[in-house]
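Asks: After the structure tokens below, expect a handful of questions from me.
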Amino acid sequence: MDEPQRQRLHALLRVAQLRQLLLQRRLRKGGHGGGPAPRRACSARGRARRGRTDSNPVPQDGRPPSHPATRGQRAASTGRQEGQATQRPPSGAGGRRAAHARPVGEARQDAADARCLFVRGGACAVRATATFLTALSPLISLGLFVAPRTRAVPPSLPAREGLTPGAGRRCPAARPRGRALRLSSEGEPAGPSHPGHPAMAVFDTPQEAFGALRPACVQLTKAQTVENVAQLEARLAAVGAGALQELQEYVLFPLRFALKVPGPRRERVVQRVLQCLSAVLLGTRVRSPRLLRELLSELCSCLPAPHGAPAPAEELQLAAVRALLALMHSAQGDAIVALYQPSCLPLLGFAVSLLLGLAERERAKQIKLAALECLQVLLLQCECQEHRCLREEEAQRCGDLFASFLPGVSIALSRIIAGDVKQGHRTTVSAIRLFYQIVGLVMADEQLARVPKQKEKPSVEQSRIAELIVHRGPEWSRSTSEKLSLLLRKTVELSSVHSHWKVRLELVELVQHLLSNCRLSLVDSFTHLLKALVGLVNDENSEVQSRCNEVLRGIAEQQVIAQSRALADVLSENLHSLATALPRLMNSQDDTGKFSTLSLLLGYLKLLGPKVNVVLNSVSHLHRLSKALMQVLELDVTDVKIVEDRRWGCVGGYDPSGSVQHGVQKGRCQRKYFRFFTEEKIFQLLQQVCRVLGYYGNIYLLVDHFMGLYSESAVYRKQAAMVLNELIAGAAGVGVDVLQEREVSLSMDDLKGSIMSILEEYTDQANWYLVTSIDTEEVSHEQLSVPRSGLAALPGAASSSILPSPEQHITTRTMNSNVWQLCIQLEGVGCFAAVLGREFRLLLLSALYPVLEKAGDKTLLISETAQGTLVDICEACGYDSVQSLINENSDYLVNGISLNLRQLAHQPHAAQVLGTMLRHSDASLLPLVEDVIQDVLSALDQSYNDQASTFLGVLHSLMAALVQWFGLSCSKEHQQRQAAEGQSRTLSHIQQEITSQEVERFFLDYIKQKQIAEGNFSDSGDEEADEVSPLAKPEPSNCDTEGETPLPSHAQLAKDVMERCIHLLSDRNLRVRLKVLDVLELCVTVLHPHGNHLLPMAHRVWPALVTRLISDDPLAVLRAFKVLCTLAQKCGDFLRQRFSKDVLPKLTSSLLSQAAASARAGPVYNHTLAYKLQLAVLQGLGSLCEKLDMGESDLNKVADACLVYLSAKQPMKLQEAAQSVFRHLMRVDPDSTWLFLTEVCCPHPYEPPHASLQPVKLRGMGRQRNEFTDSILLLLEELQQRESAGAQRAPPP
Amino acid sequence: MAQPPPDPHFVLRGTGAAVHALHFSCGGGEPDIPVLFSGSENGFIHVWNLKTHRVDAALDGHGRKSVCGLKTMDGKERLLSQGRDQRICLWDLAEGRTSVTDSVFTENVGFCRCSLLKVAEGRWLMATAAKALEEVQVLELPSKTSVCTLKPEVGAKLGMPMCLKLWQGSCGSQPSLLAGYEDGSVLLWNLSTGKVLSQLICHQEPVMSLDFDSEKAKGISGSSEKVLSIWSLNEQQNLQVQKTHRLVNAGISDITIRPDKKILATAGWDHRIRIFGWKKLKPLAVLDYHTATVHSVSFSDHKSPSDRLLAAGAKDHRISIWSIYTQT
């Protein structure tokens, strides 16, 4: 179409328009056919769309499958299929709502039409149409209609897009697609025709298009019916975009005309028209400002007015809104610029208010959304690429314009945001988005900065309009910001707890947007905004979380806070008030509330970032914050178990599973119980708070402050220690999660300096030696130490002065608290080690000793924590195991031990350390500690009456360790020896079984012996002397010779210890005596392989041991008897004489005297000490006899004493023990035992095998069954079995 | 009320033998690690790092013969050690090296420790007992040229020299040598003339150790008896006994006056270290830690007074470190 032709066409159109107007005025009234209910069409369309999508999922014309069609085409094709579509209700609430609303909508029609504001036209008149047609006819006759080239319409349309409500956010994409279509339709030749569709023509030139469109336009102008509109739509679909642009106004004319037709509106037609209009607009661009204005106002007229008359059908509203949307999207360059002029303010305002009203009051989601979207576009906040960014001055002007809408818009939007949840999250989301966009535009800092102080004087002709324009001066911005602050607060409060995550996500965006645009103007609101943002960091939805983090990080990275003093002030103010409120909140909130409160605290700190330092420099802030932390972190110390849990391993004996490091896992930090919360994650938050403080804050200041709190009051001490630990971890950047790097990272030296001062404080006597138990033993030590260490200079004095005297009441609570205190401090040491890594090795000099001290503590919790700390230190300093840690640093430890041993008050601790070292290490430690063990022994020598029990503890663990380390060799030898013994014994058995010759020899021997015994030999006295001398002689000689062979060091130690034991065996304290006996037993075990040394020691021990055995507390007797058994095992016959002389008579007599008592006693007797003693003696006596290889008379004594216990009247256990004695006796001398037993009771008559032999007469024969019978029969049977078994084993000679 | 004696600050273990000589070198600046050299009976010289309290290096240069004297020449890099193998070795310890750069064969079999005096930059005098029984030889280091040999008059019967102290009065006067002899006398030698300036018989037993304060011209000597003797040097270069102090237990193996001339420490055969005020010889403290004879005492030369330490090495293989500066 050439230029003159187009001009002509335009002119014609104009004429037609004018005529129409005239006609309208004349034909005021005119009917219109009320077509089918719009809803039906809608649903049919939905169906049709669905059908199409299903049937043609893949485009077959060679275009990319995703290539979309313009909306116009879509609309057209939808219209085409409308007829064949069956009724089917659309899914979704909107559809259902529409179904209900249908009759109402119809009823409303008339009224709606009547009150139409901008309607100047009425029904269509035939004549007008005719005129129009005649006007057009010359064009048609010109032959502009050219047969179109055929081409297929893209068959596959993503039908849900574009026209579905969901398209709201995607609509921006519609334009580029449309453009793509244009491109392709211009650049490509016609594609092959689609087999499934009738070939459709595409008209690329305006002439062709005109030809194609003209009939439809004419038809539509003639009669505004749905069918005509559909026809036009169908035609439009075939028109190329370029051509359509040319014919834009021409095509729009009948449509606009249809809208303006006077008289009551036919909603369906109007709706169709609007749809068609949208299609046209989407395919073209509106370049004329006038057209834009007119269309805008015409479309607005289709929208329901905010008040009064009932609204038209929803579909109609929707179509109108969409058309508006399409219009705004199609508006271009100058048109847009012209629209946003002060002169258009009323029109814009009208549109905005209509849309706002729609968004707010309309209940259909789709409409709400569309209205909001439309508003977005109208306020130039559409995200589509098409809308180029406003230039600065344009933005400024728009800002000025929109400032007048701001109150209305913001209030309405905040109402929508606050609306019912049922409106769906999308509505809320778009409302929030629009809200921040408009606020962000109008209140943008850069715009406000450019606003002149004084309002310009408007020129006269514009004065009325200009009055409407707001001057965004400082005054205005202040008051607006105040009002907005209220709205924002409400919005934030509501949406931060909104159930849908997308709303919360949008809130994050809101904060981000406002924070980046309105940092200055909205500073009052940032309290709430930041609060919301920070609070959402821990949102349950990960997307919100990550976005929130991103935003926070962005804020931090841009150093928004650092640069803006105002924001930093807001934050620090928030922090202050939160810190003030924290204790109260912690008291009143539940755990979730506490969690969010603390996340808030953490968020503020993180946001402040490096500014934390500035905040902390304010005394009041630091004070509040620290006090809040102190209160929140208060521990619950009521658990009694903590104090009760004792580590008995140390006291009772060597823990065989001594290699504790295997049992201790990393990160086994003891769970703490807090007064104000129970959840672990809250504690983790608090940890983070402290770490972030440490990360950003001035570590010297913080450490100093919290150290002050630490020493200020015992109430704060635990919390302060906890905080200090975390601070250091944070300062080192361990496990701290921050938004931005600190400016200067802390130097290792500074860190080390702080750590050293904290360590010093922790391990200070007053803080390290706390009362954690009321062990009578320990207290007595402390008590003892008080008068001695009253000297001010003694380091011990400090500790003793803070140790409450025993009379002072120490509650479990205090002790619990102390236990926790120590644990926290120990954890701190571990944490410091982790922080310093290998650098910590230098601090081991001072730190390792205290930790080991606590590892030996008797309170389970403390020792476990200390062991954990040891593991931490190992890891940090690069030691393989606790053992190597101890071994490699034994010099430090030994030094500490030896120095502490010099002070009475610290001797127990030193002893504990040594004990721990021994427990955790192996034999390789021995050479390293030998030195200090000598110190221990000499210290024991100096103060054996005071500290004996402490040192005995060490000696015990030492000896136990020695047994453990060197016991293997001892036991091996022992086993070998036993094996040898066993062999010889079986051999003897074998020999016994041999032949009559043996019997004969035995008999002869017997006679000889008997003669000797009867004194028939003259030199019997000599014999006796001989027997005694070999026993008596070796003793003194032994002592002399032993010293010559050098002892291995461990044996030498055992010997030294044993020597001390000799002195201590007669200590007046029973507990000490018992301990000594234990140690003695271990000494004997260690010394066992070195008989030359053991025997003289045994000799020296003997007198004291005997005293224990025969005249001491039963407990001691019991223990002593055990020692005796061990000693017998080791020394064997060396003790025989002494035993039979010194001990046995006493034992047997006590057994005999006690027998009566136990025979009479009831079941309670089993719990008495006497019983236990009896039992122990009976259990041990047998093996003792065996080991010592006792003589016959002694054996008889034993047998006599034990016989009474075979009685059935005795307690069962005692009977069994007595039986065991006889079993041992059987082994030593089966014959005499047999005889002894049969004397009491003999079950079998023994017939002599030959008459020449005298019949055997045993005293026990034929006795009545008595109390002994059962036991004895049992024993005899066993004996029988043993003998026969031995006979079987013996090889035949 | 008198304060109880303090505990050792630290105890160094691990020399493996009795400690006979100690020498601090702590004068360096901050990055420099303060060290203590110790010489033990098994011929090892241990270099103790006073920060970690551990042995940094063990030097073996005297053929497992006891090390009896240790000195440094300008910082810890150059160490002079005297051993019972009749050698005096000069060690180069810079940059982790542990090599003997030079040695002097003294041929002396006695116990006498050598004495070293810096007379000028890069020039030292060293006095050591010579091969002949009563002689003392003075060498110049590092050139090892003999300055003079100090022989007592014939028939003086002084016995072996037991301890030596080279000193130099203020304002560049001639260096002199104080020597304690086996017969209990202390002689002042003029190095330039090689003549005895003064002789003082202050002990009945061999002089085990002496130290001299050149500012106050006052010296102290200890012997194997129970007496400490303080003597002074008057203008006429005459030694005269000023005071004697009786000890409870006999035997002093080492005496050192602290560089600031305020106190002195003695190493006793009774296992104790005694601290006296130098001015009036007021007994200040008895440091009781060792379990055997103390062989050597030494004060550190830390720059900051509060860091300064006292070390004592004893027959019990231990070196005790004491921090007594602030307490006295």
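Identifiers in the structure tokens: chain A, B, ... in order shown; residue index from 1 per chain; ligand index from 1 in order shown.
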List as a Markdown table every residue of chain B that is in contact with chain A, defined as an atom at most 9 Å from one of its atoms (using only C-alpha atoms), together with the nearest atom pair and the distance in Å rounded to one decimal, sorted by chain and then rising number.

Replies:
| residue | atom | partner | partner_atom | distance |
| --- | --- | --- | --- | --- |
| B:Met1 | CA | A:Leu791 | CA | 8.9 |
| B:Gln3 | CA | A:Ala793 | CA | 6.5 |
| B:Pro4 | CA | A:Ala793 | CA | 7.1 |
| B:Pro6 | CA | A:Leu794 | CA | 8.1 |
| B:Asp7 | CA | A:Leu899 | CA | 6.9 |
| B:Pro8 | CA | A:Leu899 | CA | 7.3 |
| B:His9 | CA | A:Leu899 | CA | 8.6 |
| B:Phe10 | CA | A:Asn895 | CA | 6.6 |
| B:Val11 | CA | A:Asn895 | CA | 5.9 |
| B:Leu12 | CA | A:Asn895 | CA | 7.7 |
| B:Arg13 | CA | A:Asp891 | CA | 7.0 |
| B:Gly14 | CA | A:Asp891 | CA | 8.3 |
| B:Lys51 | CA | A:Leu842 | CA | 7.7 |
| B:Thr52 | CA | A:Leu842 | CA | 6.1 |
| B:His53 | CA | A:Tyr892 | CA | 8.2 |
| B:Arg54 | CA | A:Asp891 | CA | 8.3 |
| B:Tyr289 | CA | A:Arg902 | CA | 8.8 |

Asks: Emit the selected residues as a PDB file, in the first residue's frame, including N, CA and C atoms.

Replies:
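Output (part.pdb):
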ATOM      1  N   MET B   1      57.188 -11.053 108.199  1.00  0.00           N
ATOM      2  CA  MET B   1      57.460 -12.495 108.104  1.00  0.00           C
ATOM      3  C   MET B   1      58.213 -12.799 106.816  1.00  0.00           C
ATOM      4  N   GLN B   3      59.516 -14.393 103.598  1.00  0.00           N
ATOM      5  CA  GLN B   3      58.843 -15.192 102.581  1.00  0.00           C
ATOM      6  C   GLN B   3      59.511 -16.546 102.479  1.00  0.00           C
ATOM      7  N   PRO B   4      58.730 -17.516 102.195  1.00  0.00           N
ATOM      8  CA  PRO B   4      59.359 -18.817 101.988  1.00  0.00           C
ATOM      9  C   PRO B   4      60.142 -18.780 100.682  1.00  0.00           C
ATOM     10  N   PRO B   6      61.296 -19.397  97.060  1.00  0.00           N
ATOM     11  CA  PRO B   6      60.458 -19.730  95.899  1.00  0.00           C
ATOM     12  C   PRO B   6      60.802 -21.102  95.323  1.00  0.00           C
ATOM     13  N   ASP B   7      59.930 -21.528  94.472  1.00  0.00           N
ATOM     14  CA  ASP B   7      60.176 -22.759  93.739  1.00  0.00           C
ATOM     15  C   ASP B   7      60.923 -22.444  92.464  1.00  0.00           C
ATOM     16  N   PRO B   8      61.532 -23.415  91.900  1.00  0.00           N
ATOM     17  CA  PRO B   8      62.161 -23.148  90.608  1.00  0.00           C
ATOM     18  C   PRO B   8      61.087 -22.741  89.603  1.00  0.00           C
ATOM     19  N   HIS B   9      61.496 -21.920  88.715  1.00  0.00           N
ATOM     20  CA  HIS B   9      60.586 -21.520  87.645  1.00  0.00           C
ATOM     21  C   HIS B   9      60.364 -22.708  86.707  1.00  0.00           C
ATOM     22  N   PHE B  10      61.419 -23.393  86.476  1.00  0.00           N
ATOM     23  CA  PHE B  10      61.331 -24.570  85.633  1.00  0.00           C
ATOM     24  C   PHE B  10      62.547 -25.427  85.930  1.00  0.00           C
ATOM     25  N   VAL B  11      62.412 -26.684  85.610  1.00  0.00           N
ATOM     26  CA  VAL B  11      63.560 -27.568  85.780  1.00  0.00           C
ATOM     27  C   VAL B  11      63.833 -28.232  84.446  1.00  0.00           C
ATOM     28  N   LEU B  12      65.044 -28.117  84.007  1.00  0.00           N
ATOM     29  CA  LEU B  12      65.417 -28.752  82.748  1.00  0.00           C
ATOM     30  C   LEU B  12      66.007 -30.114  83.052  1.00  0.00           C
ATOM     31  N   ARG B  13      65.445 -31.084  82.427  1.00  0.00           N
ATOM     32  CA  ARG B  13      65.947 -32.438  82.596  1.00  0.00           C
ATOM     33  C   ARG B  13      66.393 -32.991  81.267  1.00  0.00           C
ATOM     34  N   GLY B  14      67.211 -33.970  81.330  1.00  0.00           N
ATOM     35  CA  GLY B  14      67.533 -34.656  80.097  1.00  0.00           C
ATOM     36  C   GLY B  14      68.971 -34.493  79.673  1.00  0.00           C
ATOM     37  N   LYS B  51      62.403 -20.828  75.415  1.00  0.00           N
ATOM     38  CA  LYS B  51      60.969 -20.623  75.166  1.00  0.00           C
ATOM     39  C   LYS B  51      60.230 -21.945  75.288  1.00  0.00           C
ATOM     40  N   THR B  52      60.788 -22.956  74.698  1.00  0.00           N
ATOM     41  CA  THR B  52      60.117 -24.248  74.782  1.00  0.00           C
ATOM     42  C   THR B  52      60.654 -25.071  75.946  1.00  0.00           C
ATOM     43  N   HIS B  53      61.754 -24.608  76.522  1.00  0.00           N
ATOM     44  CA  HIS B  53      62.402 -25.356  77.603  1.00  0.00           C
ATOM     45  C   HIS B  53      62.862 -26.729  77.133  1.00  0.00           C
ATOM     46  N   ARG B  54      63.298 -26.751  75.913  1.00  0.00           N
ATOM     47  CA  ARG B  54      63.742 -28.030  75.386  1.00  0.00           C
ATOM     48  C   ARG B  54      65.103 -27.877  74.747  1.00  0.00           C
ATOM     49  N   TYR B 289      66.388 -27.104  95.941  1.00  0.00           N
ATOM     50  CA  TYR B 289      65.646 -27.971  95.037  1.00  0.00           C
ATOM     51  C   TYR B 289      66.457 -29.211  94.694  1.00  0.00           C
TER      52      TYR B 289
END

Asks: Fewer than 4 positions away in the same chain doesn't count, so skip those; otherwise give me all residues within 9 Å of Lys279 in chain B, counting only C-alpha atoms, as a PyMOL selection string.

Replies: chain B and resi 261-263

Asks: Go ahead and save the residues from that selection, with C-alpha atoms, as an mmCIF file, in the first residue's frame.

Replies:
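File produced: result.cif:
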data_model
loop_
_atom_site.group_PDB
_atom_site.id
_atom_site.type_symbol
_atom_site.label_atom_id
_atom_site.label_comp_id
_atom_site.auth_asym_id
_atom_site.auth_seq_id
_atom_site.Cartn_x
_atom_site.Cartn_y
_atom_site.Cartn_z
ATOM 1 C CA LYS B 261 76.164 -6.226 91.039
ATOM 2 C CA LYS B 262 73.297 -6.355 93.457
ATOM 3 C CA ILE B 263 73.210 -9.930 94.491
#

Asks: Could you go through range 205-303 of chain B and tell me which residues DSSP, when run on the backbone, assigns to strand (DSSP E), listing them as a ChimeraX atom specification?

Replies: /B:207-213,218-223,227-233,239-246,252-257,263-268,272-277,283-288,294-299

Asks: So how many Å separate CA of Phe24 in chain B and CA of Ser300 in chain B, to one decimal?

Replies: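 Distance between the two atoms: 5.1 Å.
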
Asks: Calculate how many Å separate CA of Glu121 in chain B from CA of His46 in chain B, rounding to one decimal.

Replies: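 We find that CA of Glu121 in chain B and CA of His46 in chain B lie 27.4 Å from each other.
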
Asks: I'd like the contact shell of Leu125 in chain B - 8 Å cut-off, only C-alpha atoms, skipping same-chain residues fewer than 3 positions apart - returned as a short mmCIF file (atom, residue, chain, number, x, y, z; two decimals) with C-alpha atoms, in the first residue's frame.

Replies:
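Now in result18.cif:
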data_model
loop_
_atom_site.label_atom_id
_atom_site.label_comp_id
_atom_site.auth_asym_id
_atom_site.auth_seq_id
_atom_site.Cartn_x
_atom_site.Cartn_y
_atom_site.Cartn_z
CA LEU B 116 87.47 -14.86 78.98
CA LEU B 117 87.61 -11.11 78.65
CA LYS B 118 86.76 -8.98 75.71
CA VAL B 119 89.39 -6.30 75.46
CA VAL B 138 96.92 -16.04 78.85
CA LEU B 139 96.09 -16.25 75.17
CA GLU B 140 94.70 -13.78 72.79
CA LEU B 141 91.73 -14.90 70.79
#

Asks: Calculate how many Å separate CA of Asn574 in chain A from CA of Leu625 in chain A, rounding to one decimal.

Replies: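 Distance between the two atoms: 11.7 Å.
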
Asks: List as a VMD selection string the protein and nucleic acid residues near Met959 in chain A, meaning an atom at most 12 Å away when only C-alpha atoms are counted, but skip any in the same chain fewer than 4 places from it.

Replies: chain A and resid 653 to 654 915 918 to 919 923 926 933 951 to 955 963 to 967 1050 to 1058 1061 1076 1078 to 1087

Asks: Using N, CA, C and O atoms, can you export the residues from the last selection as a compact mmCIF listing (two decimals), in the first residue's frame?

Replies:
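Below is the file out16.txt, written as the result:
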# COMPACT_ATOMS: atom_id res chain seq x y z
N GLY A 653 41.29 -49.01 91.11
CA GLY A 653 42.41 -49.74 90.55
C GLY A 653 42.68 -49.31 89.14
O GLY A 653 42.03 -48.42 88.60
N TYR A 654 43.60 -49.95 88.57
CA TYR A 654 44.00 -49.58 87.22
C TYR A 654 42.90 -49.98 86.27
O TYR A 654 42.38 -51.09 86.29
N GLY A 915 49.31 -40.02 87.77
CA GLY A 915 48.41 -41.15 87.55
C GLY A 915 47.85 -41.14 86.14
O GLY A 915 47.83 -42.17 85.46
N LEU A 918 50.39 -42.12 83.58
CA LEU A 918 50.62 -43.55 83.58
C LEU A 918 49.47 -44.28 82.91
O LEU A 918 49.67 -45.23 82.16
N ARG A 919 48.29 -43.80 83.19
CA ARG A 919 47.14 -44.49 82.64
C ARG A 919 47.08 -44.39 81.12
O ARG A 919 46.62 -45.27 80.45
N ALA A 923 54.87 -48.43 78.28
CA ALA A 923 56.14 -48.65 78.95
C ALA A 923 57.20 -47.63 78.52
O ALA A 923 58.12 -47.33 79.29
N LEU A 926 58.10 -44.88 80.94
CA LEU A 926 58.77 -45.14 82.22
C LEU A 926 60.11 -44.42 82.37
O LEU A 926 60.34 -43.76 83.38
N ILE A 933 59.17 -40.11 89.68
CA ILE A 933 58.65 -41.10 90.62
C ILE A 933 59.54 -41.11 91.87
O ILE A 933 59.04 -41.23 93.00
N PHE A 951 49.41 -40.41 97.87
CA PHE A 951 50.55 -41.01 97.17
C PHE A 951 50.31 -42.48 96.90
O PHE A 951 50.78 -43.00 95.90
N LEU A 952 49.60 -43.09 97.82
CA LEU A 952 49.32 -44.49 97.57
C LEU A 952 48.49 -44.64 96.30
O LEU A 952 48.66 -45.60 95.56
N GLY A 953 47.64 -43.66 96.09
CA GLY A 953 46.86 -43.68 94.84
C GLY A 953 47.80 -43.70 93.65
O GLY A 953 47.64 -44.50 92.72
N VAL A 954 48.79 -42.82 93.68
CA VAL A 954 49.74 -42.77 92.57
C VAL A 954 50.52 -44.06 92.50
O VAL A 954 50.72 -44.63 91.41
N LEU A 955 50.98 -44.49 93.65
CA LEU A 955 51.78 -45.71 93.65
C LEU A 955 50.95 -46.85 93.11
O LEU A 955 51.45 -47.71 92.37
N VAL A 963 52.41 -53.44 86.14
CA VAL A 963 51.89 -54.79 85.92
C VAL A 963 51.39 -54.90 84.49
O VAL A 963 51.65 -55.88 83.79
N GLN A 964 50.70 -53.84 84.09
CA GLN A 964 50.16 -53.87 82.73
C GLN A 964 51.26 -53.91 81.68
O GLN A 964 51.17 -54.63 80.70
N TRP A 965 52.28 -53.09 81.89
CA TRP A 965 53.33 -52.98 80.88
C TRP A 965 54.28 -54.16 80.89
O TRP A 965 54.76 -54.62 79.87
N PHE A 966 54.61 -54.57 82.13
CA PHE A 966 55.62 -55.62 82.23
C PHE A 966 55.04 -56.93 82.73
O PHE A 966 55.74 -57.90 82.89
N GLY A 967 53.75 -56.88 83.03
CA GLY A 967 53.13 -58.07 83.61
C GLY A 967 53.13 -59.25 82.66
O GLY A 967 53.14 -60.40 83.09
N HIS A 1050 61.92 -51.03 86.14
CA HIS A 1050 60.57 -51.16 86.70
C HIS A 1050 60.57 -52.01 87.95
O HIS A 1050 59.87 -51.73 88.92
N ALA A 1051 61.41 -53.03 87.93
CA ALA A 1051 61.48 -53.88 89.13
C ALA A 1051 62.09 -53.09 90.28
O ALA A 1051 61.66 -53.22 91.43
N GLN A 1052 63.05 -52.27 89.94
CA GLN A 1052 63.67 -51.45 90.98
C GLN A 1052 62.62 -50.53 91.59
O GLN A 1052 62.56 -50.37 92.81
N LEU A 1053 61.79 -49.98 90.72
CA LEU A 1053 60.71 -49.12 91.22
C LEU A 1053 59.80 -49.91 92.13
O LEU A 1053 59.44 -49.45 93.22
N ALA A 1054 59.44 -51.09 91.67
CA ALA A 1054 58.55 -51.93 92.47
C ALA A 1054 59.17 -52.19 93.84
O ALA A 1054 58.50 -52.17 94.87
N LYS A 1055 60.46 -52.39 93.80
CA LYS A 1055 61.15 -52.67 95.05
C LYS A 1055 61.10 -51.45 95.95
O LYS A 1055 60.80 -51.55 97.16
N ASP A 1056 61.36 -50.29 95.34
CA ASP A 1056 61.32 -49.06 96.13
C ASP A 1056 59.94 -48.85 96.73
O ASP A 1056 59.79 -48.47 97.89
N VAL A 1057 58.95 -49.08 95.90
CA VAL A 1057 57.58 -48.89 96.38
C VAL A 1057 57.27 -49.87 97.50
O VAL A 1057 56.69 -49.51 98.53
N MET A 1058 57.72 -51.08 97.29
CA MET A 1058 57.44 -52.11 98.28
C MET A 1058 58.05 -51.73 99.62
O MET A 1058 57.45 -51.93 100.67
N CYS A 1061 55.89 -49.51 101.29
CA CYS A 1061 54.70 -50.20 101.76
C CYS A 1061 54.94 -50.84 103.12
O CYS A 1061 54.06 -50.89 103.98
N VAL A 1076 47.57 -49.89 100.93
CA VAL A 1076 48.93 -50.41 100.94
C VAL A 1076 48.91 -51.88 100.55
O VAL A 1076 49.74 -52.34 99.77
N ASP A 1078 46.84 -53.39 98.74
CA ASP A 1078 46.62 -53.50 97.29
C ASP A 1078 47.92 -53.27 96.53
O ASP A 1078 48.26 -54.01 95.61
N VAL A 1079 48.57 -52.17 96.91
CA VAL A 1079 49.81 -51.83 96.21
C VAL A 1079 50.82 -52.96 96.38
O VAL A 1079 51.51 -53.35 95.44
N LEU A 1080 50.86 -53.47 97.58
CA LEU A 1080 51.81 -54.53 97.89
C LEU A 1080 51.60 -55.72 96.96
O LEU A 1080 52.55 -56.30 96.42
N GLU A 1081 50.37 -56.06 96.79
CA GLU A 1081 50.06 -57.20 95.93
C GLU A 1081 50.63 -56.98 94.53
O GLU A 1081 51.24 -57.86 93.93
N LEU A 1082 50.41 -55.74 94.02
CA LEU A 1082 50.90 -55.42 92.69
C LEU A 1082 52.43 -55.46 92.65
O LEU A 1082 53.03 -55.93 91.68
N CYS A 1083 53.03 -54.95 93.71
CA CYS A 1083 54.49 -54.97 93.79
C CYS A 1083 55.01 -56.39 93.66
O CYS A 1083 55.97 -56.66 92.94
N VAL A 1084 54.35 -57.25 94.40
CA VAL A 1084 54.78 -58.65 94.39
C VAL A 1084 54.68 -59.20 92.97
O VAL A 1084 55.58 -59.88 92.48
N THR A 1085 53.61 -58.84 92.30
CA THR A 1085 53.43 -59.34 90.94
C THR A 1085 54.55 -58.85 90.04
O THR A 1085 55.07 -59.61 89.22
N VAL A 1086 54.88 -57.56 90.18
CA VAL A 1086 55.92 -57.01 89.32
C VAL A 1086 57.27 -57.64 89.63
O VAL A 1086 58.06 -57.97 88.75
N LEU A 1087 57.52 -57.79 90.90
CA LEU A 1087 58.84 -58.28 91.32
C LEU A 1087 58.99 -59.78 91.10
O LEU A 1087 60.09 -60.32 91.22

Asks: So that I can see what lies close to range 475-483 of chain A, please list as a PDB file with C-alpha atoms, in the first residue's frame the residues with an atom at most 10 Å from it, counting only C-alpha atoms and leaving out residues fewer than 6 positions away in the same chain.

Replies:
ATOM      1  CA  ALA A 403       3.814  10.578  43.852  1.00  0.00           C
ATOM      2  CA  LEU A 406       1.359   6.902  46.132  1.00  0.00           C
ATOM      3  CA  PRO A 407      -0.961   7.290  49.082  1.00  0.00           C
ATOM      4  CA  SER A 410       0.186   2.083  48.809  1.00  0.00           C
ATOM      5  CA  ILE A 411      -2.811   1.941  51.074  1.00  0.00           C
ATOM      6  CA  VAL A 439       7.472   3.006  46.598  1.00  0.00           C
ATOM      7  CA  VAL A 442       8.663   7.431  44.093  1.00  0.00           C
ATOM      8  CA  MET A 443      10.843   7.423  47.141  1.00  0.00           C
ATOM      9  CA  LEU A 448      14.506  12.832  45.865  1.00  0.00           C
ATOM     10  CA  LYS A 453      13.812  22.658  47.326  1.00  0.00           C
ATOM     11  CA  ARG A 489       5.563  -2.314  59.204  1.00  0.00           C
ATOM     12  CA  CYS A 518      15.413   4.180  49.347  1.00  0.00           C
ATOM     13  CA  LEU A 520      17.816   7.470  52.968  1.00  0.00           C
ATOM     14  CA  SER A 521      14.204   8.279  52.413  1.00  0.00           C
ATOM     15  CA  LEU A 522      12.811   5.275  54.227  1.00  0.00           C
ATOM     16  CA  VAL A 523      15.327   5.058  56.964  1.00  0.00           C
ATOM     17  CA  ASP A 524      12.625   4.918  59.596  1.00  0.00           C
ATOM     18  CA  SER A 525      11.250   1.750  58.180  1.00  0.00           C
TER      19      SER A 525
END
